[in-house]
Amino acid sequence: MAIVEPRPQDPRIGRAGDAQSTEVRDPRTGAVTGSTAEQGPAEVEAAVVAARAAFVGWSALPFPVRAARLLAVRDRMLDRIDELAASIVADTGKLTEEALVHEIAIVADTIGYYARRGERALRPERARM
């Protein structure tokens, strides 16, 4: 997992909008690889509202369309596998092989599984009493 260190409280640096920013470091080298803004209750609420709004449109799509979109995401992920593996390695300190097998391959397989079998899993079921 990446080493995350709060930036100094100096108001001239370490800010992303109104939120305090946190440096993200490569655990192998300690080099700063990016930063992330800390999110407060208002930002979390906005994210939840946006997710709920997106779900309305997503759930209205027929399952074959959703499956096709998931497979397109998987294909794009696999097209950029080297870049994605490098990002995982820099963020977690894992070996490239671990990123490929324990992260990327599992996600790609899971997407394929649900693209094939998800419609059945989403069918309404009667509760047995």
# chains A, B, ... in the order shown; residues from 1 in each chain; ligands from 1

call {"tool": "residues_around", "arguments": {"residues": "Asp109 of chain A", "least_positions_apart": "6", "cutoff": "12 Å", "atoms": "only C-alpha atoms", "output": "ChimeraX atom specification"}}
result
/A:70-71,74-75,77-78,100-103,115-116

call {"tool": "write_last_selection", "arguments": {"atoms": "N, CA, C and O atoms", "output": "compact mmCIF listing (two decimals), in the first residue's frame"}}
result
# COMPACT_ATOMS: atom_id res chain seq x y z
N LEU A 70 -19.45 -3.28 -19.52
CA LEU A 70 -18.47 -3.85 -18.60
C LEU A 70 -17.33 -4.53 -19.36
O LEU A 70 -16.16 -4.39 -19.00
N LEU A 71 -17.69 -5.27 -20.40
CA LEU A 71 -16.65 -5.94 -21.20
C LEU A 71 -15.77 -4.92 -21.91
O LEU A 71 -14.56 -5.15 -22.07
N ARG A 74 -13.31 -3.84 -19.38
CA ARG A 74 -12.30 -4.89 -19.21
C ARG A 74 -11.30 -4.87 -20.37
O ARG A 74 -10.08 -4.94 -20.15
N ASP A 75 -11.81 -4.73 -21.58
CA ASP A 75 -10.92 -4.73 -22.74
C ASP A 75 -9.97 -3.54 -22.71
O ASP A 75 -8.79 -3.66 -23.01
N MET A 77 -9.00 -1.98 -20.03
CA MET A 77 -8.06 -2.26 -18.95
C MET A 77 -6.94 -3.18 -19.45
O MET A 77 -5.76 -2.93 -19.19
N LEU A 78 -7.30 -4.22 -20.18
CA LEU A 78 -6.30 -5.17 -20.66
C LEU A 78 -5.44 -4.55 -21.76
O LEU A 78 -4.26 -4.91 -21.89
N LEU A 100 -0.27 -8.27 -11.68
CA LEU A 100 -0.92 -8.90 -12.82
C LEU A 100 -1.85 -10.03 -12.40
O LEU A 100 -2.99 -10.11 -12.86
N VAL A 101 -1.38 -10.90 -11.50
CA VAL A 101 -2.14 -12.08 -11.13
C VAL A 101 -3.20 -11.79 -10.07
O VAL A 101 -4.34 -12.22 -10.17
N HIS A 102 -2.82 -11.05 -9.03
CA HIS A 102 -3.71 -10.86 -7.88
C HIS A 102 -4.60 -9.63 -7.97
O HIS A 102 -5.47 -9.45 -7.12
N GLU A 103 -4.39 -8.80 -8.95
CA GLU A 103 -5.22 -7.61 -9.11
C GLU A 103 -5.89 -7.62 -10.48
O GLU A 103 -7.11 -7.78 -10.57
N ALA A 115 -20.53 -10.55 -16.68
CA ALA A 115 -21.08 -10.24 -18.00
C ALA A 115 -21.82 -11.45 -18.55
O ALA A 115 -22.84 -11.32 -19.23
N ARG A 116 -21.33 -12.66 -18.22
CA ARG A 116 -21.99 -13.89 -18.68
C ARG A 116 -23.14 -14.31 -17.77
O ARG A 116 -24.15 -14.81 -18.24

call {"tool": "select_by_dssp", "arguments": {"residues": "chain A", "states": "helix (DSSP H, G or I)", "output": "PyMOL selection string"}}
result
chain A and resi 41-60+63-79+81-92+96-121

call {"tool": "atom_distance", "arguments": {"atom1": "atom CA of Ser35 of chain A", "atom2": "atom CA of Phe55 of chain A"}}
result
28.5 Å

call {"tool": "atom_distance", "arguments": {"atom1": "atom CA of Val32 of chain A", "atom2": "atom CA of Glu98 of chain A"}}
result
22.1 Å

call {"tool": "closest_residue", "arguments": {"among": "A:Ser87, A:Ile106, A:Tyr114, A:Leu122", "to": "Asp26 of chain A", "atoms": "only C-alpha atoms"}}
result
A:Ser87

call {"tool": "atom_distance", "arguments": {"atom1": "atom CA of Arg117 of chain A", "atom2": "atom CA of Asp79 of chain A"}}
result
23.6 Å

call {"tool": "select_by_dssp", "arguments": {"residues": "chain A", "states": "strand (DSSP E)", "output": "list in words"}}
result
Ile3, Val4, Glu5, Pro6, Arg15, Ala16, Ala19, Gln20, Ser21, Thr22, Glu23, Val24, Arg25, Val32, Thr33, Gly34, Ser35, Thr36 and Ala37 of chain A

call {"tool": "write_last_selection", "arguments": {"atoms": "N, CA and C atoms", "output": "PDB file, in the first residue's frame"}}
result
ATOM      1  N   ILE A   3       2.536   4.776   0.780  1.00  0.00           N
ATOM      2  CA  ILE A   3       2.768   5.531   1.999  1.00  0.00           C
ATOM      3  C   ILE A   3       2.108   6.879   1.812  1.00  0.00           C
ATOM      4  N   VAL A   4       1.221   7.236   2.707  1.00  0.00           N
ATOM      5  CA  VAL A   4       0.486   8.492   2.594  1.00  0.00           C
ATOM      6  C   VAL A   4       0.874   9.367   3.770  1.00  0.00           C
ATOM      7  N   GLU A   5       1.364  10.564   3.464  1.00  0.00           N
ATOM      8  CA  GLU A   5       1.794  11.489   4.501  1.00  0.00           C
ATOM      9  C   GLU A   5       1.086  12.823   4.329  1.00  0.00           C
ATOM     10  N   PRO A   6       0.515  13.364   5.415  1.00  0.00           N
ATOM     11  CA  PRO A   6      -0.103  14.689   5.296  1.00  0.00           C
ATOM     12  C   PRO A   6       0.940  15.727   4.924  1.00  0.00           C
ATOM     13  N   ARG A  15      -2.951  22.250  -0.568  1.00  0.00           N
ATOM     14  CA  ARG A  15      -4.395  22.434  -0.653  1.00  0.00           C
ATOM     15  C   ARG A  15      -4.885  22.009  -2.041  1.00  0.00           C
ATOM     16  N   ALA A  16      -6.006  21.359  -2.062  1.00  0.00           N
ATOM     17  CA  ALA A  16      -6.705  21.055  -3.305  1.00  0.00           C
ATOM     18  C   ALA A  16      -8.103  21.620  -3.107  1.00  0.00           C
ATOM     19  N   ALA A  19      -9.955  21.531   0.549  1.00  0.00           N
ATOM     20  CA  ALA A  19      -9.606  20.344   1.333  1.00  0.00           C
ATOM     21  C   ALA A  19      -8.101  20.240   1.524  1.00  0.00           C
ATOM     22  N   GLN A  20      -7.691  19.730   2.656  1.00  0.00           N
ATOM     23  CA  GLN A  20      -6.280  19.445   2.899  1.00  0.00           C
ATOM     24  C   GLN A  20      -5.844  18.342   1.945  1.00  0.00           C
ATOM     25  N   SER A  21      -4.661  18.465   1.408  1.00  0.00           N
ATOM     26  CA  SER A  21      -4.139  17.497   0.462  1.00  0.00           C
ATOM     27  C   SER A  21      -3.126  16.594   1.160  1.00  0.00           C
ATOM     28  N   THR A  22      -3.035  15.360   0.692  1.00  0.00           N
ATOM     29  CA  THR A  22      -2.124  14.382   1.252  1.00  0.00           C
ATOM     30  C   THR A  22      -1.228  13.847   0.151  1.00  0.00           C
ATOM     31  N   GLU A  23       0.077  13.809   0.407  1.00  0.00           N
ATOM     32  CA  GLU A  23       1.010  13.250  -0.569  1.00  0.00           C
ATOM     33  C   GLU A  23       0.904  11.734  -0.585  1.00  0.00           C
ATOM     34  N   VAL A  24       1.044  11.156  -1.764  1.00  0.00           N
ATOM     35  CA  VAL A  24       1.093   9.711  -1.925  1.00  0.00           C
ATOM     36  C   VAL A  24       2.509   9.368  -2.369  1.00  0.00           C
ATOM     37  N   ARG A  25       3.124   8.420  -1.675  1.00  0.00           N
ATOM     38  CA  ARG A  25       4.511   8.048  -1.963  1.00  0.00           C
ATOM     39  C   ARG A  25       4.617   6.583  -2.388  1.00  0.00           C
ATOM     40  N   VAL A  32       7.462  10.922  -4.096  1.00  0.00           N
ATOM     41  CA  VAL A  32       6.080  11.394  -4.187  1.00  0.00           C
ATOM     42  C   VAL A  32       5.557  11.057  -5.581  1.00  0.00           C
ATOM     43  N   THR A  33       4.440  10.333  -5.626  1.00  0.00           N
ATOM     44  CA  THR A  33       3.850   9.944  -6.914  1.00  0.00           C
ATOM     45  C   THR A  33       2.569  10.699  -7.214  1.00  0.00           C
ATOM     46  N   GLY A  34       2.081  11.457  -6.242  1.00  0.00           N
ATOM     47  CA  GLY A  34       0.859  12.220  -6.461  1.00  0.00           C
ATOM     48  C   GLY A  34       0.342  12.769  -5.150  1.00  0.00           C
ATOM     49  N   SER A  35      -0.849  13.280  -5.211  1.00  0.00           N
ATOM     50  CA  SER A  35      -1.503  13.765  -3.996  1.00  0.00           C
ATOM     51  C   SER A  35      -2.994  13.539  -4.129  1.00  0.00           C
ATOM     52  N   THR A  36      -3.639  13.537  -3.017  1.00  0.00           N
ATOM     53  CA  THR A  36      -5.085  13.354  -3.002  1.00  0.00           C
ATOM     54  C   THR A  36      -5.697  14.299  -1.985  1.00  0.00           C
ATOM     55  N   ALA A  37      -6.806  14.865  -2.334  1.00  0.00           N
ATOM     56  CA  ALA A  37      -7.486  15.783  -1.420  1.00  0.00           C
ATOM     57  C   ALA A  37      -8.301  14.975  -0.422  1.00  0.00           C
TER      58      ALA A  37
END

call {"tool": "residues_around", "arguments": {"residues": "Arg28 of chain A", "least_positions_apart": "4", "cutoff": "9 Å", "atoms": "only C-alpha atoms", "output": "PDB file with C-alpha atoms, in the first residue's frame"}}
result
ATOM      1  CA  ALA A   2       1.265   3.492  -0.769  1.00  0.00           C
ATOM      2  CA  VAL A  89       3.279  -1.492  -8.296  1.00  0.00           C
ATOM      3  CA  ALA A  90       4.037   2.168  -7.558  1.00  0.00           C
ATOM      4  CA  THR A  92       1.372  -0.778  -3.343  1.00  0.00           C
ATOM      5  CA  GLY A  93       4.994  -1.879  -3.645  1.00  0.00           C
ATOM      6  CA  LYS A  94       3.843  -5.241  -5.035  1.00  0.00           C
TER       7      LYS A  94
END
